[in-house]
>>> print(open('upload28.cif').read())   # mmCIF, C-alpha atoms
data_upload
loop_
_atom_site.label_atom_id
_atom_site.label_comp_id
_atom_site.auth_asym_id
_atom_site.auth_seq_id
_atom_site.Cartn_x
_atom_site.Cartn_y
_atom_site.Cartn_z
CA MET A 4 67.01 296.31 92.47
CA GLY A 5 68.00 295.94 88.85
CA MET A 6 69.81 293.04 87.31
CA PRO A 7 73.57 293.48 87.07
CA ALA A 8 74.63 294.58 83.64
CA GLU A 9 76.02 291.94 81.33
CA ASP A 10 79.72 292.03 80.58
CA THR A 11 79.02 292.69 76.92
CA ALA A 12 76.80 295.67 77.72
CA LEU A 13 79.43 297.09 80.06
CA MET A 14 82.12 296.72 77.43
CA LEU A 15 79.94 298.39 74.83
CA ARG A 16 79.21 301.30 77.17
CA TYR A 17 82.91 301.75 77.74
CA ALA A 18 83.82 301.31 74.08
CA GLN A 19 81.10 303.53 72.62
CA ASP A 20 80.46 306.14 75.30
CA GLY A 21 83.71 306.13 77.23
CA ASP A 22 81.78 305.06 80.32
CA MET A 23 84.57 304.57 82.86
CA ALA A 24 82.21 303.28 85.53
CA ALA A 25 81.23 300.44 83.22
CA PHE A 26 84.86 299.54 82.71
CA GLU A 27 85.56 299.61 86.44
CA THR A 28 82.69 297.20 87.02
CA LEU A 29 83.95 294.96 84.26
CA TYR A 30 87.48 295.07 85.56
CA SER A 31 86.47 294.29 89.12
CA ARG A 32 84.64 291.21 87.93
CA HIS A 33 87.48 289.75 85.92
CA LYS A 34 90.72 291.10 87.30
CA ASP A 35 91.37 288.44 89.99
CA PRO A 36 90.39 285.32 87.97
CA LEU A 37 92.45 286.60 85.05
CA TYR A 38 95.41 287.24 87.32
CA ARG A 39 95.16 283.77 88.84
CA TYR A 40 94.85 282.17 85.42
CA LEU A 41 98.02 283.86 84.22
CA LEU A 42 99.76 283.32 87.57
CA ARG A 43 99.18 279.56 87.46
CA LEU A 44 100.09 279.41 83.80
CA SER A 45 103.29 281.40 84.05
CA GLY A 46 104.32 280.45 87.59
CA GLN A 47 105.73 283.94 88.16
CA ARG A 48 103.91 286.74 89.96
CA ASP A 49 105.78 289.51 88.21
CA ASN A 50 105.23 287.98 84.83
CA ALA A 51 101.60 287.35 85.64
CA ALA A 52 101.19 291.01 86.53
CA ASP A 53 102.92 292.05 83.31
CA LEU A 54 100.76 289.69 81.30
CA CYS A 55 97.65 291.00 83.00
CA GLN A 56 98.56 294.56 82.17
CA GLU A 57 99.28 293.55 78.58
CA VAL A 58 95.92 291.80 78.29
CA TRP A 59 93.94 294.72 79.68
CA SER A 60 95.86 297.12 77.49
CA LYS A 61 94.86 295.06 74.48
CA VAL A 62 91.26 295.12 75.65
CA ILE A 63 91.38 298.91 75.98
CA ARG A 64 93.02 299.37 72.61
CA ALA A 65 90.62 296.96 70.91
CA ARG A 66 87.52 298.66 72.35
CA ALA A 67 86.71 300.53 69.13
CA GLY A 68 86.50 297.31 67.16
CA TYR A 69 84.76 295.30 69.85
CA ARG A 70 81.75 293.37 68.53
CA PRO A 71 79.67 291.25 70.87
CA THR A 72 79.90 288.12 68.76
CA ALA A 73 80.83 286.03 71.79
CA LYS A 74 80.80 286.26 75.55
CA PHE A 75 83.11 288.92 76.90
CA SER A 76 84.92 286.35 79.05
CA THR A 77 85.61 284.18 76.00
CA TRP A 78 87.05 287.19 74.19
CA LEU A 79 89.07 288.25 77.24
CA TYR A 80 90.60 284.81 77.86
CA ARG A 81 91.39 284.33 74.18
CA ILE A 82 93.46 287.49 74.41
CA ALA A 83 95.06 286.23 77.62
CA HIS A 84 95.76 282.79 76.19
CA ASN A 85 97.40 284.27 73.10
CA ALA A 86 99.42 286.70 75.20
CA PHE A 87 100.74 283.85 77.31
CA ILE A 88 101.56 281.72 74.26
CA ASP A 89 103.41 284.65 72.69
CA GLN A 90 105.38 285.21 75.87
CA VAL A 91 106.29 281.53 76.15
CA ARG A 92 107.54 281.59 72.59
CA ARG A 93 109.57 284.69 73.30
CA ASN A 94 111.05 283.38 76.51
CA ARG A 95 111.20 279.76 77.44
CA ARG A 96 112.18 280.56 81.02
CA TYR A 97 108.58 280.11 82.12
CA ASP A 98 109.23 276.36 82.05
CA ASP A 99 110.94 276.79 85.38
CA ARG A 100 107.80 277.51 87.37
CA SER A 101 109.33 276.42 90.65
CA ALA A 102 111.64 279.41 90.48
CA ASP A 103 109.12 281.50 92.41
CA PRO A 104 109.25 280.27 96.02
CA ASP A 105 106.44 282.62 96.99
CA LEU A 106 104.02 281.02 94.55
CA LEU A 107 102.75 278.50 97.06
CA ALA A 108 102.10 281.10 99.73
CA ASP A 109 98.49 281.85 100.47
CA PRO A 110 97.99 285.60 100.39
CA GLY A 111 94.51 285.36 101.89
CA HIS A 112 95.47 283.68 105.10
CA GLY A 113 98.02 284.28 107.74
CA PRO A 114 100.36 281.88 109.49
CA GLU A 115 97.53 280.72 111.68
CA GLN A 116 95.94 278.77 108.84
CA GLY A 117 95.62 275.09 109.47
CA ALA A 118 98.37 272.72 108.51
CA GLU A 119 95.96 270.55 106.59
CA ARG A 120 94.78 273.49 104.51
CA ARG A 121 98.32 274.54 103.68
CA ARG A 122 99.17 271.00 102.81
CA LEU A 123 96.21 270.69 100.45
CA ARG A 124 97.03 273.93 98.73
CA GLU A 125 100.65 273.06 98.15
CA ARG A 126 99.83 269.60 96.83
CA LEU A 127 97.21 270.98 94.49
CA PHE A 128 99.46 273.68 93.08
CA ALA A 129 102.35 271.29 92.76
CA ALA A 130 100.17 268.80 90.89
CA LEU A 131 98.92 271.55 88.61
CA ALA A 132 102.44 272.68 87.89
CA GLY A 133 103.30 269.13 86.89
CA LEU A 134 100.59 269.00 84.26
CA PRO A 135 101.38 269.51 80.59
CA GLU A 136 100.82 273.09 79.60
CA GLU A 137 97.76 272.34 77.42
CA GLN A 138 96.05 270.41 80.23
CA ARG A 139 96.87 273.07 82.77
CA ASP A 140 95.53 275.75 80.45
CA ALA A 141 92.27 273.87 79.90
CA PHE A 142 91.84 273.23 83.63
CA LEU A 143 92.45 276.89 84.53
CA LEU A 144 90.06 278.10 81.87
CA GLN A 145 87.42 275.84 83.34
CA GLU A 146 88.03 276.64 87.02
CA GLU A 147 89.19 280.27 86.98
CA ALA A 148 87.47 281.66 83.90
CA GLY A 149 84.38 279.52 84.24
CA LEU A 150 84.30 278.73 80.54
CA THR A 151 82.32 275.86 79.07
CA LEU A 152 83.85 273.06 77.09
CA ASP A 153 83.00 274.71 73.80
CA GLU A 154 84.41 278.02 74.97
CA ILE A 155 87.63 276.35 76.11
CA ALA A 156 87.95 274.72 72.71
CA SER A 157 87.37 278.11 71.09
CA VAL A 158 89.91 279.91 73.23
CA THR A 159 92.61 277.32 72.83
CA GLY A 160 91.87 276.74 69.17
CA VAL A 161 91.35 273.01 69.36
CA PRO A 162 88.41 270.72 68.61
CA ARG A 163 85.88 270.22 71.36
CA GLU A 164 86.90 266.60 71.90
CA THR A 165 90.52 267.59 72.27
CA ALA A 166 89.63 270.12 74.92
CA LYS A 167 87.46 267.54 76.65
CA SER A 168 90.29 265.02 76.63
CA ARG A 169 92.68 267.54 78.12
CA LEU A 170 90.26 268.34 80.90
CA ARG A 171 89.76 264.66 81.72
CA TYR A 172 93.48 263.97 81.89
CA ALA A 173 94.03 267.04 84.05
CA ALA A 174 91.25 266.12 86.45
CA ALA A 175 92.51 262.55 86.74
CA LYS A 176 96.07 263.63 87.56
CA LEU A 177 94.97 266.20 90.11
CA ARG A 178 92.62 263.72 91.73
CA LYS A 179 95.44 261.21 91.99
CA ALA A 180 97.76 263.82 93.46
CA LEU A 181 95.25 264.80 96.10
CA ALA A 182 94.55 261.17 97.02
CA GLU A 183 98.19 260.30 97.62
CA PRO A 184 99.36 260.43 101.20
CA ALA A 185 100.71 263.86 102.00
CA ALA A 186 104.36 264.28 102.79
CA PRO A 187 105.07 266.00 106.09
CA LEU A 188 105.43 269.78 105.69
CA GLU A 189 108.64 271.43 106.70
CA ASP A 190 108.11 273.96 109.40
CA ALA A 191 108.83 277.47 108.31
CA MET B 10 78.82 274.98 83.76
CA THR B 11 76.58 273.35 81.27
CA GLY B 12 75.44 269.77 81.52
CA ASN B 13 77.77 268.49 78.85
CA ASP B 14 80.71 269.68 80.92
CA ASP B 15 79.79 267.63 83.94
CA SER B 16 81.77 264.66 82.71
CA THR B 17 84.94 266.74 82.71
CA ARG B 18 84.38 268.42 86.04
CA ASP B 19 85.37 266.86 89.34
CA GLU B 20 83.50 268.61 92.12
CA THR B 21 86.07 267.58 94.70
CA ILE B 22 88.88 269.14 92.73
CA SER B 23 86.82 272.20 91.94
CA ALA B 24 86.01 272.75 95.59
CA ALA B 25 89.64 272.26 96.56
CA TRP B 26 90.72 274.65 93.86
CA ARG B 27 88.25 277.36 94.90
CA GLU B 28 89.47 277.08 98.46
CA ALA B 29 93.13 277.17 97.54
CA SER B 30 93.17 279.72 94.73
CA THR B 31 92.69 283.01 96.52
CA ASP B 32 95.34 285.19 94.90
CA THR B 33 94.30 288.67 93.92
CA SER B 34 95.74 291.06 91.40
CA PRO B 35 98.22 293.55 92.83
CA HIS B 36 96.85 297.03 93.56
CA SER B 37 99.62 298.59 91.52
CA LEU B 38 98.37 296.64 88.52
CA ASP B 39 94.80 297.79 89.19
CA ARG B 40 95.89 301.43 89.29
CA LYS B 41 97.86 301.13 86.06
CA VAL B 42 95.02 299.46 84.18
CA LEU B 43 92.34 301.85 85.42
CA ARG B 44 94.51 304.87 84.67
CA GLU B 45 95.13 303.64 81.14
CA ALA B 46 91.43 302.92 80.65
CA ALA B 47 90.52 306.40 81.92
CA ARG B 48 92.97 308.04 79.54
CA ALA B 49 91.56 306.05 76.63
CA ALA B 50 88.00 306.87 77.65
CA GLY B 51 88.85 310.57 77.78
CA ARG B 52 90.25 310.42 74.28
CA THR B 53 87.23 308.66 72.84
CA ALA B 54 84.40 310.01 75.00
CA ARG B 55 81.55 310.73 72.66
CA MET B 56 78.17 312.32 72.99
CA PRO B 57 75.46 310.17 74.55
CA ALA B 58 73.61 308.08 72.02
CA TRP B 59 70.33 309.96 72.49
CA THR B 60 71.87 313.20 71.23
CA ARG B 61 72.39 311.84 67.73
CA PRO B 62 68.70 311.61 66.71
CA LEU B 63 68.09 314.91 68.47
CA ALA B 64 70.82 316.60 66.45
CA PHE B 65 69.45 315.08 63.26
CA ALA B 66 65.92 316.28 64.04
CA ALA B 67 67.15 319.78 64.88
CA THR B 68 69.08 319.98 61.64
CA LEU B 69 66.03 318.81 59.70
CA VAL B 70 63.73 321.36 61.37
CA LEU B 71 66.14 324.22 60.78
CA GLY B 72 66.63 323.22 57.15
CA VAL B 73 62.90 323.02 56.48
CA ALA B 74 62.32 326.36 58.23
CA LEU B 75 65.02 327.99 56.13
CA LEU B 76 63.55 326.58 52.92
CA LEU B 77 60.06 327.78 53.85
CA HIS B 78 61.39 331.22 54.68
CA MET B 79 63.24 331.46 51.37
CA GLN B 80 60.16 330.22 49.49
CA ALA B 81 57.92 332.79 51.22
CA GLU B 82 60.36 335.55 50.40
CA LEU B 83 60.49 334.53 46.76
CA ASP B 84 56.68 334.33 46.52
CA SER B 85 56.14 337.75 48.11
CA PRO B 86 54.87 340.37 45.58
CA TYR B 87 56.67 343.10 47.48
CA PRO B 88 60.34 342.40 47.81
CA PRO B 89 61.70 343.79 51.04
CA ALA B 90 64.06 346.02 49.11
CA GLU B 91 61.16 347.99 47.60
CA LEU B 92 59.39 348.81 50.85
CA PRO B 93 59.01 352.54 51.49
CA VAL B 94 61.58 354.07 53.76
CA PRO B 95 59.90 355.91 56.64
CA GLY B 96 61.46 359.27 57.44
CA ARG B 97 64.00 358.99 54.70
CA GLN B 98 65.91 362.20 54.02
CA PRO B 99 66.72 363.33 50.49
CA ALA B 100 70.24 362.41 49.52
CA THR B 101 71.11 365.71 47.90
CA SER B 102 74.01 367.93 48.63
CA PRO B 103 73.13 371.60 49.14
CA GLY B 104 74.66 374.07 46.72
CA ALA B 105 75.59 371.55 44.07
CA THR B 106 72.09 370.56 43.04
CA ALA B 107 70.71 371.80 39.78
CA PRO B 108 67.02 372.78 39.61
CA ALA B 109 66.20 369.72 37.55
CA GLU B 110 67.99 367.55 40.06
CA ALA B 111 66.01 369.15 42.88
CA ASP B 112 62.81 368.37 41.02
CA ALA B 113 63.90 364.79 40.64
CA ALA B 114 64.73 364.61 44.32
CA ARG B 115 61.33 366.02 45.25
CA ALA B 116 59.65 363.56 42.92
CA ALA B 117 61.63 360.75 44.52
CA GLU B 118 60.53 361.93 47.95
CA GLN B 119 56.90 362.00 46.96
CA SER B 120 57.08 358.62 45.29
CA PRO B 121 56.22 355.67 47.58
CA VAL B 122 58.96 353.66 45.93
CA ALA B 123 62.50 354.86 46.12
CA ALA B 124 63.93 355.03 42.64
CA PRO B 125 67.59 354.43 41.99
CA PRO B 126 69.51 357.37 40.61
CA GLU B 127 69.86 355.80 37.16
CA GLN B 128 66.09 355.51 36.90
CA ALA B 129 65.54 359.08 38.11
CA ASP B 130 68.07 360.31 35.62
CA GLU B 131 66.38 358.48 32.77
CA VAL B 132 62.92 359.85 33.66
CA ARG B 133 64.34 363.32 34.04
CA ALA B 134 66.08 363.01 30.66
CA VAL B 135 62.79 362.04 29.03
CA GLN B 136 61.01 364.97 30.65
CA GLU B 137 63.72 367.36 29.64
CA SER B 138 63.99 366.06 26.11
CA SER B 139 60.27 366.53 25.65
CA THR B 140 60.54 370.12 26.82
CA GLY B 141 63.84 370.77 25.09
CA ALA B 142 65.61 371.77 28.26
CA ASP B 143 69.25 371.14 29.03
CA PRO B 144 69.62 367.91 30.96
CA GLY B 145 72.02 369.63 33.35
CA PRO B 146 75.23 368.51 34.92
CA ALA B 147 73.63 365.73 36.96
CA ALA B 148 72.41 363.79 33.91
CA GLY B 149 74.12 360.43 33.56
CA ASN B 150 76.10 360.84 36.75
CA SER B 151 76.04 357.19 37.68
CA ALA B 152 79.29 357.35 39.63
CA GLU B 153 77.59 359.43 42.28
CA PRO B 154 77.04 357.68 45.63
CA GLN B 155 73.73 355.92 45.42
CA PRO B 156 70.98 356.73 47.90
CA ALA B 157 70.30 354.15 50.56
CA LEU B 158 67.89 352.11 48.54
CA TYR B 159 68.18 349.19 50.93
CA GLU B 160 67.64 351.12 54.10
CA ALA B 161 64.16 349.65 54.48
CA ARG B 162 65.66 346.20 55.09
CA THR B 163 66.67 345.43 58.60
CA GLU B 164 70.39 344.96 58.67
CA THR B 165 71.09 341.33 59.51
CA PRO B 166 73.97 339.06 58.60
CA ALA B 167 71.71 337.11 56.27
CA LEU B 168 70.60 340.30 54.54
CA ARG B 169 74.17 341.47 54.32
CA GLN B 170 74.97 338.27 52.47
CA GLU B 171 71.95 338.70 50.22
CA ARG B 172 72.76 342.32 49.46
CA PRO B 173 75.06 341.80 46.46
CA ARG B 174 72.62 339.45 44.78
CA ASP B 175 69.61 341.67 45.61
CA ALA B 176 71.45 344.78 44.50
CA ALA B 177 72.23 343.31 41.12
CA GLU B 178 68.68 342.08 40.66
CA LEU B 179 67.22 345.35 41.84
CA GLU B 180 69.41 347.36 39.52
CA ARG B 181 68.33 345.19 36.63
CA SER B 182 64.67 345.53 37.53
CA ALA B 183 65.06 349.26 38.06
CA GLU B 184 66.65 349.62 34.66
CA ASP B 185 63.83 347.64 33.10
CA ALA B 186 61.27 349.75 34.93
CA GLY B 187 63.02 352.92 33.85
CA ARG B 188 63.06 351.80 30.27
CA SER B 189 59.37 350.93 30.49
CA LEU B 190 58.53 354.29 32.01
CA GLN B 191 60.59 356.02 29.38
CA SER B 192 58.90 354.19 26.53
CA ILE B 193 55.48 354.84 28.06
CA ALA B 194 56.23 358.51 28.50
CA ILE B 195 57.60 358.87 25.00
CA THR B 196 54.70 356.99 23.49
CA GLY B 197 52.15 359.05 25.44
CA GLN B 198 53.81 362.30 24.54
CA GLN B 199 54.11 361.31 20.93
CA ASP B 200 50.46 360.33 20.82
CA ALA B 201 49.42 363.58 22.40
CA VAL B 202 51.55 365.64 20.07
CA ALA B 203 50.38 363.69 17.05
CA GLN B 204 46.76 364.07 18.14
CA SER B 205 47.15 367.80 18.66
CA PHE B 206 48.93 368.13 15.35
CA ALA B 207 46.22 366.15 13.62
CA THR B 208 43.50 368.22 15.23
CA LYS B 209 45.27 371.44 14.37
CA ARG B 210 45.97 370.21 10.90
CA ARG B 211 42.38 369.18 10.46
CA ALA B 212 41.15 372.56 11.74
CA ASP B 213 43.58 374.47 9.54
CA THR B 214 42.71 372.38 6.53
CA ALA B 215 38.96 372.73 7.17
CA ASP B 216 39.31 376.51 7.39
CA ASP B 217 41.22 376.45 4.16
CA GLU B 218 38.74 374.22 2.49
CA ARG B 219 35.66 376.03 3.74
CA CYS B 220 33.67 377.60 0.88
CA THR B 221 34.39 381.25 0.33
CA PRO B 222 31.67 383.95 0.19
CA GLU B 223 32.36 384.33 -3.52
CA GLN B 224 31.61 380.66 -4.07
CA ARG B 225 28.50 380.92 -1.92
CA ALA B 226 27.30 383.80 -4.07
CA ASP B 227 27.14 381.51 -7.08
CA ALA B 228 24.94 378.46 -6.72
CA ASP B 229 26.95 376.36 -9.11
CA ARG B 230 30.29 377.25 -7.59
CA TRP B 231 28.91 376.65 -4.05
CA ARG B 232 27.64 373.25 -5.21
CA GLU B 233 31.05 372.40 -6.62
CA CYS B 234 32.69 373.49 -3.36
CA ILE B 235 30.37 371.25 -1.33
CA GLU B 236 31.07 368.29 -3.60
CA ARG B 237 34.81 368.90 -3.31
CA LEU B 238 34.59 369.00 0.48
CA ALA B 239 32.65 365.74 0.53
CA ALA B 240 35.08 364.14 -1.86
CA ALA B 241 38.04 365.36 0.26
CA GLY B 242 36.62 363.69 3.38
CA PHE B 243 35.38 366.77 5.22
CA ALA B 244 31.97 365.24 5.72
CA GLU B 245 30.99 367.44 8.65
CA LEU B 246 32.03 370.59 6.91
CA ALA B 247 30.30 369.47 3.71
CA GLN B 248 27.11 368.81 5.69
CA GLN B 249 27.27 372.32 7.22
CA GLU B 250 27.77 373.81 3.80
CA ARG B 251 24.96 371.66 2.42
CA GLU B 252 22.54 372.90 5.11
CA ALA B 253 23.56 376.50 4.43
CA TYR B 254 23.09 375.87 0.72
CA ALA B 255 19.58 374.51 1.32
CA GLU B 256 18.64 377.54 3.38
CA THR B 257 20.03 379.90 0.74
CA TYR B 258 18.63 378.01 -2.22
CA PRO B 259 15.56 376.19 -0.91
CA ASP B 260 14.20 375.58 -4.38
CA ALA B 261 17.38 373.96 -5.61
CA ALA B 262 18.27 370.37 -4.92
CA PRO B 263 21.13 370.06 -2.39
CA PRO B 264 24.35 368.55 -3.72
#
>>> encode(input="upload28.cif", output="structure tokens")
Amino acid sequence: MGMPAEDTALMLRYAQDGDMAAFETLYSRHKDPLYRYLLRLSGQRDNAADLCQEVWSKVIRARAGYRPTAKFSTWLYRIAHNAFIDQVRRNRRYDDRSADPDLLADPGHGPEQGAERRRLRERLFAALAGLPEEQRDAFLLQEEAGLTLDEIASVTGVPRETAKSRLRYAAAKLRKALAEPAAPLEDA
Amino acid sequence: MTGNDDSTRDETISAAWREASTDTSPHSLDRKVLREAARAAGRTARMPAWTRPLAFAATLVLGVALLLHMQAELDSPYPPAELPVPGRQPATSPGATAPAEADAARAAEQSPVAAPPEQADEVRAVQESSTGADPGPAAGNSAEPQPALYEARTETPALRQERPRDAAELERSAEDAGRSLQSIAITGQQDAVAQSFATKRRADTADDERCTPEQRADADRWRECIERLAAAGFAELAQQEREAYAETYPDAAPP
């Protein structure tokens, strides 16, 4: 059994030869983490879907000029980060992340999920939503995109130490939020 | 994650996040993105990479083969246009052919190389001028449809493209050949005529200069005749006369 093709090789096959199978493989690898990254950044499912479509459209349009100078994921999340920043600048309504009541719902589990699990999820998402945007961005790039510290600094356009500081503050606040006694959940 | 990221990563939070973050992209989004990617791939689908060196090699081979073929054709001593035409029929129209033209046509048939009409006309004109005959109505009729000089070449698109160039070159070479043949014929005929005239003139002059019986009757006059012949350059005739003189006058010293 052969090794799975690298993201860069898949993107080159799609860009140079029009290999649709390579793009489908690439898309299946990154579509859900990218969607979650944009969902937790924007706080709106519809806007996350729109941003995702915009990011992938930019990837498709930029295929002819694609050069493997960096990891594909770094390139992809730089596009996503810039798309989100542009959208925030265009419309400040994304500050109201609590406007989407469905955001805390867990699509992977039904009503039978445990109360403790639901409680943990809601506390984690609520703590993340309370983070400053830069810290939230850095945390999501680390957890969803799987980027390294240097890659996070590259995507967000800040020095490595700045990115490191943001990650530390984010982790500390989330840890504190998870350690606090949970408030009783309202029954649906 | 790399080792230098460990200080920023909290495994408890990471595990909690992985368990909580299970959202997936909507299927409608997947369909839109894949459809757009497929459209873009269809617009920019290119040949596989391995076909590029193959196309280059094929172009190179064809180019070299074409150059070699052209070089071989240029080096050939027998241009394809001058090959004999097997089973070629004479291009003469019955009833309108003069006798001289018929002769030229027969000569062209017998010749292994088909001559263009201009060349045949020039040769015929030389022949007729040497015999003083009327060149006839066909002389200099260059507007007449030319015989199929190029019939020996297999008709191919490449040959059809080469035909104008070959025709011009062949006409030039045929004209040169005709002029050469004409000059050779004229020179040969002139030499022959001059030789015959010289021979005849020499014979007539020798008969005139030969010593008469009256001169031979007188030893002194015969001697003077022999000396005049020798002085005029008729050495052979002078020698004959000298031998006859010695037989007639054996006691006298020959001149």
>>> interface_residues(input="upload28.cif", of="chain A", to="chain B", cutoff="8 Å", atoms="only C-alpha atoms", output="ChimeraX atom specification")
/A:17-23,26-27,34-36,38-39,52,55-56,59-60,63-64,109-111,123-124,127,146,149-152,167,170-171,174,177-178
>>> atom_distance(input="upload28.cif", atom1="atom CA of B:Glu256", atom2="atom CA of B:Ile235")
14.1 Å
>>> atom_distance(input="upload28.cif", atom1="atom CA of A:Gly133", atom2="atom CA of B:His36")
29.4 Å
>>> atom_distance(input="upload28.cif", atom1="atom CA of A:Asp153", atom2="atom CA of A:Ala73")
11.7 Å
>>> closest_residue(input="upload28.cif", among="A:Ala166, A:Ala24, A:Val91, A:Leu29", to="A:Arg139", atoms="all atoms listed in the file")
A:Ala166
